[in-house]
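Participant: Input: one structure, supplied below.
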Amino acid sequence: EKTPHIHAVVVPITKDSRLSADTLFNPKTLKQLQTDYAEAMGVHGLDRGTIGSRRQHEEMKQVYGRQTATAAELGPLVQPAQAQAFTLEVPPLIGRDTWRADQEAKINAEIARQVSALNSRLQEVGKIAVAQAGAVERAEVLEKQLRTAEGLKQGNFEAK
């Protein structure tokens with residue numbers, strides 16, 4: 001099996017002989033069952049998952065697909081920015097102060113546009129980096145699960 005798991009058929013009978021799944025299987029008791037099971041299986045290398053975790057199981061295909069998509073998204077964003085040359089017109093003989101102010105305004109507007117474009121690219125890279133960090137964490141969890149599964153498989157093989 002790719003993922004070790006168990007199947008159990010349980011009849012939820014309470015201490016006062018009632019049939020009640022709600023009493024025996026609620027969030028509190030299910031957490032305790034997971035903890036008790038992990039403690040019993042600890043000798044086989046099985047670790048309890050993080051208590052209260054909201055993580056969802058992901059197929060490895062999804063993890064690898066996200067890595068490929070991330071690389072494709074980052075490609076254009078990490079291209080070096082090329083400086084754009086700005087050429088000045090020949091200054092007029094009359095009205096040089098006005099001309100200078102106009103030229104400075106044009107240059108500052110172009111610099112602001114380029115900085116804005118680079119900041120947008122940096123924000124995208126930042127979002128992707130955060131997503132990648134989450135993917136790395138998920139990969140570490142999956143790797144740990146795989147090592148546990150391999151250990152259990154090897155233990156069962158040796159026992160047989």
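We label chains A, B, ... in the order they appear in the structure tokens, count residues from 1 in each chain, and number ligands from 1 in the order shown.
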Quick one: which segment 102-153 of chain A residues come within 12 Å of segment 72-90 of chain A, and what is the nearest atom pair for each with the distance in Å to one decimal, counting only C-alpha atoms, rows ordered by chain and ascending number, as a Markdown table?

Facilitator:
| residue | atom | partner | partner_atom | distance |
| --- | --- | --- | --- | --- |
| A:Asp102 | CA | A:Leu88 | CA | 10.8 |
| A:Gln103 | CA | A:Leu88 | CA | 7.4 |
| A:Glu104 | CA | A:Leu88 | CA | 9.9 |
| A:Lys106 | CA | A:Phe86 | CA | 9.6 |
| A:Ile107 | CA | A:Phe86 | CA | 7.5 |
| A:Asn108 | CA | A:Phe86 | CA | 10.9 |
| A:Ala109 | CA | A:Phe86 | CA | 11.7 |
| A:Glu110 | CA | A:Phe86 | CA | 8.9 |
| A:Ile111 | CA | A:Gln84 | CA | 9.6 |
| A:Arg113 | CA | A:Gln84 | CA | 11.5 |
| A:Gln114 | CA | A:Ala83 | CA | 8.9 |
| A:Val115 | CA | A:Ala81 | CA | 10.3 |
| A:Ala117 | CA | A:Ala81 | CA | 9.7 |
| A:Leu118 | CA | A:Ala81 | CA | 7.8 |
| A:Asn119 | CA | A:Leu77 | CA | 10.8 |
| A:Ser120 | CA | A:Leu77 | CA | 9.4 |
| A:Arg121 | CA | A:Leu77 | CA | 5.7 |
| A:Leu122 | CA | A:Leu77 | CA | 7.8 |
| A:Gln123 | CA | A:Leu77 | CA | 9.8 |
| A:Glu124 | CA | A:Leu77 | CA | 7.6 |
| A:Val125 | CA | A:Leu74 | CA | 6.7 |
| A:Gly126 | CA | A:Leu74 | CA | 10.1 |
| A:Lys127 | CA | A:Leu74 | CA | 10.3 |
| A:Ile128 | CA | A:Leu74 | CA | 7.5 |
| A:Ala129 | CA | A:Leu74 | CA | 9.3 |
| A:Ala131 | CA | A:Glu73 | CA | 11.7 |
| A:Gln132 | CA | A:Leu74 | CA | 11.0 |

Participant: From the options A:His57, A:His44, A:Lys31, A:Arg66, which residue's atoms come nearest to Lys153 of chain A, counting only C-alpha atoms?

Facilitator: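 Closest to Lys153 of chain A, using only C-alpha atoms: A:His44.
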
Participant: Fewer than 2 positions away in the same chain doesn't count, so skip those; otherwise give me all residues within 12 Å of Gly151 of chain A, counting only C-alpha atoms, as a list in words.

Facilitator: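 Those residues are Pro4, Met41, Gly42, Val43, His44, Gly45, Leu46, Asp47, Lys144, Gln145, Leu146, Arg147, Thr148, Ala149, Lys153, Gln154, Gly155, Asn156, Phe157 and Glu158 of chain A.
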